[in-house]
>>> print(open('final.csv').read())   # CSV, C-alpha atoms
chain,number,residue,atom,x,y,z
A,19,MET,CA,-28.1,-19.9,7.6
A,20,LEU,CA,-27.3,-18.8,4.0
A,21,ILE,CA,-25.7,-15.5,3.4
A,22,GLN,CA,-28.6,-14.0,1.6
A,23,ASN,CA,-30.7,-14.6,4.8
A,24,HIS,CA,-27.9,-13.3,7.2
A,25,PRO,CA,-29.2,-10.5,9.4
A,26,THR,CA,-26.3,-8.3,8.5
A,27,ALA,CA,-25.3,-9.3,5.0
A,28,ASN,CA,-26.8,-9.9,1.7
A,29,CYS,CA,-23.3,-9.4,0.7
A,30,MET,CA,-22.9,-11.4,-2.4
A,31,SER,CA,-26.2,-10.6,-4.1
A,32,HIS,CA,-27.0,-7.5,-6.2
A,33,PHE,CA,-27.7,-4.7,-3.7
A,34,SER,CA,-26.3,-1.2,-3.4
A,35,ARG,CA,-23.7,-0.1,-0.9
A,36,ARG,CA,-26.3,2.2,0.7
A,37,GLU,CA,-28.4,-0.8,1.5
A,38,LEU,CA,-25.4,-2.3,3.3
A,39,LEU,CA,-25.6,0.5,5.8
A,40,ALA,CA,-29.2,-0.3,6.6
A,41,LYS,CA,-28.3,-4.0,7.0
A,42,VAL,CA,-25.4,-3.4,9.3
A,43,GLY,CA,-27.3,-0.8,11.4
A,44,LEU,CA,-26.2,2.5,12.8
A,45,ALA,CA,-25.0,0.9,16.0
A,46,GLY,CA,-22.6,-1.4,14.1
A,47,LEU,CA,-21.4,1.6,12.1
A,48,ALA,CA,-20.7,3.6,15.2
A,49,ALA,CA,-18.7,0.7,16.6
A,50,ALA,CA,-16.7,0.4,13.4
A,51,ILE,CA,-16.0,4.1,13.1
A,52,THR,CA,-14.1,4.2,16.4
A,53,PRO,CA,-12.5,0.8,17.0
A,54,GLU,CA,-10.1,0.3,19.8
A,55,VAL,CA,-6.6,1.4,18.9
A,56,ARG,CA,-4.6,-1.7,18.4
A,57,ALA,CA,-0.9,-1.8,18.6
A,58,LYS,CA,0.8,-3.3,15.6
A,59,GLU,CA,3.5,-5.6,16.9
A,60,ILE,CA,2.9,-9.4,17.1
A,61,ALA,CA,5.1,-12.3,17.8
A,62,GLN,CA,6.0,-13.8,14.4
A,63,PRO,CA,4.4,-17.3,13.8
A,64,ASP,CA,7.0,-20.0,13.3
A,65,HIS,CA,5.6,-21.0,9.9
A,66,GLU,CA,5.8,-17.5,8.5
A,67,GLN,CA,8.6,-15.7,6.8
A,68,PRO,CA,10.3,-12.8,8.5
A,69,LYS,CA,8.4,-9.5,8.2
A,70,SER,CA,11.2,-7.9,6.2
A,71,GLU,CA,10.8,-10.6,3.5
A,72,ARG,CA,7.0,-10.6,3.4
A,73,ARG,CA,6.0,-7.1,2.2
A,74,GLU,CA,3.8,-8.5,-0.5
A,75,GLU,CA,1.8,-6.7,-3.1
A,76,PRO,CA,-0.5,-9.4,-4.6
A,77,GLY,CA,-3.6,-9.1,-6.6
A,78,GLN,CA,-5.3,-5.8,-7.3
A,79,ASN,CA,-4.0,-4.1,-4.2
A,80,GLU,CA,-1.1,-1.8,-3.7
A,81,ASN,CA,-0.9,-2.6,0.0
A,82,GLN,CA,2.2,-3.9,1.7
A,83,TYR,CA,1.3,-6.8,3.9
A,84,PHE,CA,3.0,-7.4,7.2
A,85,PHE,CA,0.7,-10.1,8.7
A,86,PHE,CA,-0.5,-12.1,5.7
A,87,ASN,CA,1.8,-14.0,3.4
A,88,ARG,CA,1.1,-13.9,-0.3
A,89,GLU,CA,-1.4,-16.7,-0.5
A,90,GLU,CA,-3.3,-15.5,2.5
A,91,ALA,CA,-3.4,-12.0,1.1
A,92,GLN,CA,-4.7,-13.2,-2.2
A,93,PHE,CA,-7.5,-15.1,-0.5
A,94,VAL,CA,-8.4,-12.2,1.7
A,95,GLU,CA,-8.5,-9.7,-1.2
A,96,ALA,CA,-10.7,-12.0,-3.2
A,97,ALA,CA,-13.0,-12.8,-0.3
A,98,VAL,CA,-13.6,-9.2,0.8
A,99,ALA,CA,-14.2,-8.3,-2.8
A,100,ARG,CA,-17.1,-10.7,-2.8
A,101,LEU,CA,-18.4,-9.7,0.6
A,102,ILE,CA,-18.6,-6.0,-0.4
A,103,PRO,CA,-18.3,-6.0,-4.2
A,104,THR,CA,-17.8,-3.0,-6.4
A,105,ASP,CA,-20.8,-1.8,-8.2
A,106,GLU,CA,-21.9,1.8,-8.8
A,107,TYR,CA,-20.1,2.6,-5.5
A,108,PRO,CA,-16.6,1.6,-4.4
A,109,GLY,CA,-16.3,-1.8,-2.8
A,110,ALA,CA,-13.9,-3.4,-0.3
A,111,ILE,CA,-10.9,-3.4,-2.6
A,112,GLU,CA,-11.2,0.3,-3.3
A,113,ALA,CA,-11.6,0.9,0.5
A,114,GLY,CA,-8.5,-1.0,1.3
A,115,VAL,CA,-10.3,-3.5,3.6
A,116,SER,CA,-7.6,-6.1,3.2
A,117,ASN,CA,-5.1,-3.6,4.5
A,118,TYR,CA,-7.3,-3.0,7.6
A,119,LEU,CA,-7.4,-6.8,8.3
A,120,ASP,CA,-3.7,-7.1,7.9
A,121,LYS,CA,-2.9,-4.2,10.3
A,122,GLN,CA,-5.5,-5.3,13.0
A,123,LEU,CA,-4.5,-8.9,12.9
A,124,GLY,CA,-0.8,-8.0,13.0
A,125,GLY,CA,-1.3,-5.9,16.1
A,126,ALA,CA,-1.8,-6.5,19.8
A,127,TRP,CA,-5.5,-7.3,19.2
A,128,GLY,CA,-4.6,-10.0,16.7
A,129,ALA,CA,-2.2,-11.5,19.2
A,130,GLY,CA,-5.0,-11.7,21.8
A,131,GLU,CA,-3.8,-9.0,24.1
A,132,ARG,CA,-7.1,-8.6,25.9
A,133,LEU,CA,-8.6,-12.0,25.1
A,134,TYR,CA,-9.4,-14.5,27.9
A,135,ARG,CA,-7.5,-17.7,27.0
A,136,SER,CA,-7.7,-20.0,30.0
A,137,GLY,CA,-10.7,-22.1,29.1
A,138,PRO,CA,-12.7,-24.2,29.5
A,139,TRP,CA,-13.6,-24.1,25.8
A,140,GLU,CA,-17.3,-24.8,25.4
A,141,PRO,CA,-19.1,-25.3,22.0
A,142,THR,CA,-20.2,-21.8,21.1
A,143,ARG,CA,-23.9,-20.8,21.4
A,144,PRO,CA,-25.7,-17.4,21.7
A,145,GLY,CA,-24.5,-15.5,24.7
A,146,LEU,CA,-21.2,-17.3,25.2
A,147,GLY,CA,-19.2,-15.2,22.8
A,148,TYR,CA,-15.9,-16.3,21.2
A,149,GLN,CA,-15.1,-19.8,22.4
A,150,LEU,CA,-11.8,-20.8,20.8
A,151,PRO,CA,-8.3,-21.1,22.3
A,152,LEU,CA,-6.9,-19.3,19.2
A,153,THR,CA,-6.0,-15.6,19.1
A,154,PRO,CA,-7.7,-13.8,16.2
A,155,GLY,CA,-4.3,-13.9,14.3
A,156,GLU,CA,-4.0,-17.7,14.8
A,157,LEU,CA,-7.6,-18.1,13.8
A,158,PHE,CA,-7.0,-16.4,10.4
A,159,HIS,CA,-3.6,-18.1,9.8
A,160,THR,CA,-5.1,-21.6,10.6
A,161,ALA,CA,-8.4,-21.1,8.7
A,162,ILE,CA,-6.9,-19.6,5.5
A,163,LYS,CA,-4.1,-22.2,5.4
A,164,ALA,CA,-6.8,-24.9,5.6
A,165,ILE,CA,-8.9,-23.2,2.9
A,166,ASN,CA,-6.0,-22.9,0.5
A,167,ALA,CA,-5.0,-26.5,1.1
A,168,ASP,CA,-8.6,-27.7,0.5
A,169,LEU,CA,-8.8,-25.8,-2.8
A,170,ALA,CA,-5.4,-26.9,-3.9
A,171,LYS,CA,-6.9,-30.4,-4.3
A,172,SER,CA,-9.1,-29.0,-7.1
A,173,GLY,CA,-6.2,-27.2,-8.7
A,174,ARG,CA,-7.9,-23.8,-8.5
A,175,PRO,CA,-7.3,-21.4,-5.6
A,176,PHE,CA,-10.1,-19.2,-4.3
A,177,TRP,CA,-8.8,-16.0,-6.1
A,178,GLU,CA,-8.9,-17.8,-9.5
A,179,MET,CA,-12.5,-19.1,-9.1
A,180,SER,CA,-15.4,-17.5,-10.8
A,181,PRO,CA,-17.5,-15.1,-8.7
A,182,GLU,CA,-20.3,-17.7,-8.6
A,183,GLN,CA,-17.9,-20.4,-7.3
A,184,GLN,CA,-16.5,-18.0,-4.8
A,185,ASP,CA,-20.0,-17.2,-3.5
A,186,GLU,CA,-20.8,-20.9,-3.2
A,187,TYR,CA,-17.6,-21.5,-1.2
A,188,LEU,CA,-18.3,-18.6,1.1
A,189,HIS,CA,-21.8,-20.0,1.6
A,190,ARG,CA,-20.3,-23.3,2.7
A,191,LEU,CA,-18.0,-21.5,5.1
A,192,GLU,CA,-20.9,-19.7,6.7
A,193,ASP,CA,-22.8,-22.9,7.0
A,194,ASN,CA,-19.9,-24.6,8.8
A,195,LYS,CA,-19.6,-27.2,6.0
A,196,ILE,CA,-15.8,-27.0,5.5
A,197,ASP,CA,-13.2,-28.6,7.9
A,198,LEU,CA,-10.6,-25.9,8.7
A,199,ASN,CA,-8.3,-28.0,10.9
A,200,ASP,CA,-10.7,-28.0,13.8
A,201,VAL,CA,-11.6,-24.3,13.4
A,202,PRO,CA,-15.4,-24.0,12.9
A,203,SER,CA,-15.7,-22.4,9.5
A,204,ASP,CA,-18.8,-20.4,10.5
A,205,ILE,CA,-16.8,-18.7,13.3
A,206,PHE,CA,-14.1,-17.8,10.8
A,207,PHE,CA,-16.7,-16.5,8.3
A,208,SER,CA,-18.4,-14.4,11.0
A,209,GLN,CA,-15.0,-12.9,12.0
A,210,LEU,CA,-14.1,-12.3,8.4
A,211,TRP,CA,-17.5,-10.6,7.7
A,212,GLU,CA,-17.4,-8.4,10.8
A,213,MET,CA,-13.8,-7.2,10.1
A,214,THR,CA,-14.7,-6.5,6.5
A,215,VAL,CA,-17.5,-4.2,7.6
A,216,GLU,CA,-15.2,-2.6,10.1
A,217,GLY,CA,-12.6,-2.0,7.5
A,218,PHE,CA,-15.1,-0.5,5.1
A,219,PHE,CA,-16.6,2.0,7.5
A,220,SER,CA,-13.9,2.7,10.1
A,221,ASP,CA,-11.8,5.8,10.3
A,222,PRO,CA,-9.0,5.6,7.7
A,223,VAL,CA,-6.3,5.8,10.4
A,224,TYR,CA,-7.0,2.2,11.2
A,225,GLY,CA,-6.0,1.0,7.7
A,226,GLY,CA,-9.3,0.8,5.8
A,227,ASN,CA,-11.9,3.2,4.3
A,228,LYS,CA,-9.2,4.6,2.0
A,229,ASP,CA,-9.9,8.2,1.0
A,230,MET,CA,-13.0,7.9,3.2
A,231,VAL,CA,-14.9,6.3,0.2
A,232,ALA,CA,-17.5,4.7,2.5
A,233,TRP,CA,-18.2,7.9,4.4
A,234,LYS,CA,-18.6,9.8,1.2
A,235,MET,CA,-20.9,7.2,-0.1
A,236,ILE,CA,-23.3,7.4,2.9
A,237,GLY,CA,-22.8,11.1,3.6
A,238,PHE,CA,-21.1,10.7,6.9
A,239,PRO,CA,-19.1,13.8,7.9
A,240,GLY,CA,-16.5,11.9,9.9
A,241,ALA,CA,-14.5,13.0,12.9
A,242,TYR,CA,-15.4,16.6,13.2
A,243,ALA,CA,-14.5,17.8,16.8
A,244,SER,CA,-17.2,20.5,17.0
A,245,TYR,CA,-20.4,21.5,15.4
A,246,TYR,CA,-20.6,24.8,17.4
A,247,ASP,CA,-21.0,26.9,14.2
A,248,LEU,CA,-24.1,24.9,13.3
A,249,ILE,CA,-25.8,24.5,16.7
A,250,ASP,CA,-28.4,27.2,16.0
A,251,GLN,CA,-29.2,26.2,12.4
A,252,HIS,CA,-32.1,23.8,12.3
A,253,GLY,CA,-33.5,21.7,9.4
A,254,ILE,CA,-30.5,22.2,7.2
A,255,LYS,CA,-28.7,19.4,5.2
A,256,LEU,CA,-25.1,19.0,6.4
A,257,GLN,CA,-23.0,18.9,3.2
A,258,ARG,CA,-19.2,18.9,3.8
A,259,GLU,CA,-16.3,16.6,3.0
A,260,PRO,CA,-15.6,14.0,5.7
A,261,VAL,CA,-12.7,14.4,8.1
A,262,SER,CA,-10.5,11.6,9.5
A,263,LEU,CA,-9.0,11.3,12.9
A,264,GLY,CA,-5.7,11.4,11.1
A,265,GLN,CA,-6.3,15.0,9.8
A,266,SER,CA,-5.3,18.1,11.7
A,267,ASP,CA,-5.8,21.6,10.4
A,268,GLY,CA,-6.5,20.1,7.0
A,269,HIS,CA,-3.3,18.0,6.9
A,270,ALA,CA,-3.8,14.3,6.6
A,271,MET,CA,-1.4,11.5,7.7
A,272,PRO,CA,1.3,11.2,5.1
A,273,ASP,CA,0.6,7.5,4.4
A,274,PRO,CA,-3.0,6.2,4.9
A,275,ASN,CA,-1.8,2.6,4.5
A,276,ILE,CA,0.0,2.5,7.9
A,277,PRO,CA,-1.5,1.9,11.3
A,278,ALA,CA,-2.5,4.9,13.5
A,279,ASP,CA,0.2,4.3,16.0
A,280,SER,CA,3.3,3.2,14.0
A,281,PRO,CA,6.4,3.2,16.2
A,282,HIS,CA,9.1,5.7,15.5
A,283,GLN,CA,12.0,4.2,13.6
>>> encode(input="final.csv", output="structure tokens")
Amino acid sequence: MLIQNHPTANCMSHFSRRELLAKVGLAGLAAAITPEVRAKEIAQPDHEQPKSERREEPGQNENQYFFFNREEAQFVEAAVARLIPTDEYPGAIEAGVSNYLDKQLGGAWGAGERLYRSGPWEPTRPGLGYQLPLTPGELFHTAIKAINADLAKSGRPFWEMSPEQQDEYLHRLEDNKIDLNDVPSDIFFSQLWEMTVEGFFSDPVYGGNKDMVAWKMIGFPGAYASYYDLIDQHGIKLQREPVSLGQSDGHAMPDPNIPADSPHQ
């Protein structure tokens, strides 16, 4: 199925960010706003550099990456920028979506903390759910490494391709037409898309939706604990600045680019 016909995404065509909300659906947004808190520590893959040496700042983003290496981060930044591009509204880059992916994949969820991993592994079909022996973190490392190796043959990495070329390549990933070292490319694309939407709409304490740009765009008020003062006011339009879970008495977390549960140093 091509991306423009995807039930949740016409993500690389010309449509507004508000239309994205309609395509994702309110249920999907609610799930994205309150994702499970994921711890950030993960066993370091053998092929990766030590964390202390990998705090990269590639591309257009000021984020420091702890899970992705430089080439992985460059691919992710370019990919999410095409999935939710910037138009008259902020896109994935402005919302810090790549930072959200980095923090979630670099945590206990990315390490498969609650993932069943004993097999048997059946070809995936509707109703079976995720059917790979890889953790989410392993899925991304393996898939992006294969993508970068594939594109290295042409001499042009994904982040240097034209927007049209990037769109065509993402179409091929979604249609499972690219060999990613035995990772089905449609499974990888689906996970990339779902996490991009999560990072765009979730509470900023999880690493994305920087400055609550997505909530401001759709008029979502955020994590207000009580609407007691409005309970007897009917038919009014709620107009107030959104509030994050990381805010208390008007004071936000000092650094919105860190996970919600960073350990004490």
>>> atom_distance(input="final.csv", atom1="CA of Glu131 in chain A", atom2="CA of Leu152 in chain A")
11.8 Å
>>> closest_residue(input="final.csv", among="A:Lys228, A:His252, A:Arg258, A:Lys171", to="Gly114 in chain A", atoms="all atoms listed in the file")
A:Lys228
>>> residues_around(input="final.csv", residues="Ala99 in chain A", least_positions_apart="5", cutoff="9 Å", atoms="only C-alpha atoms", output="list in words")
Val94, Thr104, Gly109, Ala110, Ile111 and Val115 of chain A
>>> atom_distance(input="final.csv", atom1="CA of Pro222 in chain A", atom2="CA of Ser262 in chain A")
6.4 Å
>>> residues_around(input="final.csv", residues="Phe93 in chain A", least_positions_apart="4", cutoff="12 Å", atoms="all atoms listed in the file", output="number ranges by chain")
A: 76-78, 86-89, 97-100, 116, 158-159, 161-167, 169, 174-179, 184, 187-188, 210
>>> residues_around(input="final.csv", residues="Ala113 in chain A", least_positions_apart="2", cutoff="12 Å", atoms="all atoms listed in the file", output="PyMOL selection string")
chain A and resi 79-81+95+98-99+102-104+107-111+115-119+214-222+224-235+274-275
>>> write_last_selection(input="final.csv", atoms="C-alpha atoms", output="PDB file, in the frame of the given file")
ATOM      1  CA  ASN A  79      -4.000  -4.100  -4.200  1.00  0.00           C
ATOM      2  CA  GLU A  80      -1.100  -1.800  -3.700  1.00  0.00           C
ATOM      3  CA  ASN A  81      -0.900  -2.600   0.000  1.00  0.00           C
ATOM      4  CA  GLU A  95      -8.500  -9.700  -1.200  1.00  0.00           C
ATOM      5  CA  VAL A  98     -13.600  -9.200   0.800  1.00  0.00           C
ATOM      6  CA  ALA A  99     -14.200  -8.300  -2.800  1.00  0.00           C
ATOM      7  CA  ILE A 102     -18.600  -6.000  -0.400  1.00  0.00           C
ATOM      8  CA  PRO A 103     -18.300  -6.000  -4.200  1.00  0.00           C
ATOM      9  CA  THR A 104     -17.800  -3.000  -6.400  1.00  0.00           C
ATOM     10  CA  TYR A 107     -20.100   2.600  -5.500  1.00  0.00           C
ATOM     11  CA  PRO A 108     -16.600   1.600  -4.400  1.00  0.00           C
ATOM     12  CA  GLY A 109     -16.300  -1.800  -2.800  1.00  0.00           C
ATOM     13  CA  ALA A 110     -13.900  -3.400  -0.300  1.00  0.00           C
ATOM     14  CA  ILE A 111     -10.900  -3.400  -2.600  1.00  0.00           C
ATOM     15  CA  VAL A 115     -10.300  -3.500   3.600  1.00  0.00           C
ATOM     16  CA  SER A 116      -7.600  -6.100   3.200  1.00  0.00           C
ATOM     17  CA  ASN A 117      -5.100  -3.600   4.500  1.00  0.00           C
ATOM     18  CA  TYR A 118      -7.300  -3.000   7.600  1.00  0.00           C
ATOM     19  CA  LEU A 119      -7.400  -6.800   8.300  1.00  0.00           C
ATOM     20  CA  THR A 214     -14.700  -6.500   6.500  1.00  0.00           C
ATOM     21  CA  VAL A 215     -17.500  -4.200   7.600  1.00  0.00           C
ATOM     22  CA  GLU A 216     -15.200  -2.600  10.100  1.00  0.00           C
ATOM     23  CA  GLY A 217     -12.600  -2.000   7.500  1.00  0.00           C
ATOM     24  CA  PHE A 218     -15.100  -0.500   5.100  1.00  0.00           C
ATOM     25  CA  PHE A 219     -16.600   2.000   7.500  1.00  0.00           C
ATOM     26  CA  SER A 220     -13.900   2.700  10.100  1.00  0.00           C
ATOM     27  CA  ASP A 221     -11.800   5.800  10.300  1.00  0.00           C
ATOM     28  CA  PRO A 222      -9.000   5.600   7.700  1.00  0.00           C
ATOM     29  CA  TYR A 224      -7.000   2.200  11.200  1.00  0.00           C
ATOM     30  CA  GLY A 225      -6.000   1.000   7.700  1.00  0.00           C
ATOM     31  CA  GLY A 226      -9.300   0.800   5.800  1.00  0.00           C
ATOM     32  CA  ASN A 227     -11.900   3.200   4.300  1.00  0.00           C
ATOM     33  CA  LYS A 228      -9.200   4.600   2.000  1.00  0.00           C
ATOM     34  CA  ASP A 229      -9.900   8.200   1.000  1.00  0.00           C
ATOM     35  CA  MET A 230     -13.000   7.900   3.200  1.00  0.00           C
ATOM     36  CA  VAL A 231     -14.900   6.300   0.200  1.00  0.00           C
ATOM     37  CA  ALA A 232     -17.500   4.700   2.500  1.00  0.00           C
ATOM     38  CA  TRP A 233     -18.200   7.900   4.400  1.00  0.00           C
ATOM     39  CA  LYS A 234     -18.600   9.800   1.200  1.00  0.00           C
ATOM     40  CA  MET A 235     -20.900   7.200  -0.100  1.00  0.00           C
ATOM     41  CA  PRO A 274      -3.000   6.200   4.900  1.00  0.00           C
ATOM     42  CA  ASN A 275      -1.800   2.600   4.500  1.00  0.00           C
TER      43      ASN A 275
END
>>> residues_around(input="final.csv", residues="Pro138 in chain A", least_positions_apart="3", cutoff="12 Å", atoms="only C-alpha atoms", output="PyMOL selection string")
chain A and resi 134-135+141-142+146+148-151
>>> closest_residue(input="final.csv", among="A:Gly124, A:Gly137, A:Gly155, A:Gly145", to="Phe206 in chain A", atoms="all atoms listed in the file")
A:Gly155
>>> closest_residue(input="final.csv", among="A:Ser172, A:Gln257, A:Asn194, A:Thr160", to="Glu90 in chain A", atoms="all atoms listed in the file")
A:Thr160
>>> residues_around(input="final.csv", residues="Glu156 in chain A", least_positions_apart="6", cutoff="10 Å", atoms="only C-alpha atoms", output="PyMOL selection string")
chain A and resi 63+123+128-130+162
>>> closest_residue(input="final.csv", among="A:Asp197, A:Glu112, A:Glu192, A:Glu182", to="Gln209 in chain A", atoms="all atoms listed in the file")
A:Glu192
>>> atom_distance(input="final.csv", atom1="CA of Leu157 in chain A", atom2="CA of Pro144 in chain A")
19.8 Å
>>> closest_residue(input="final.csv", among="A:Ile254, A:Val261, A:Leu191, A:Val223", to="Pro239 in chain A", atoms="only C-alpha atoms")
A:Val261
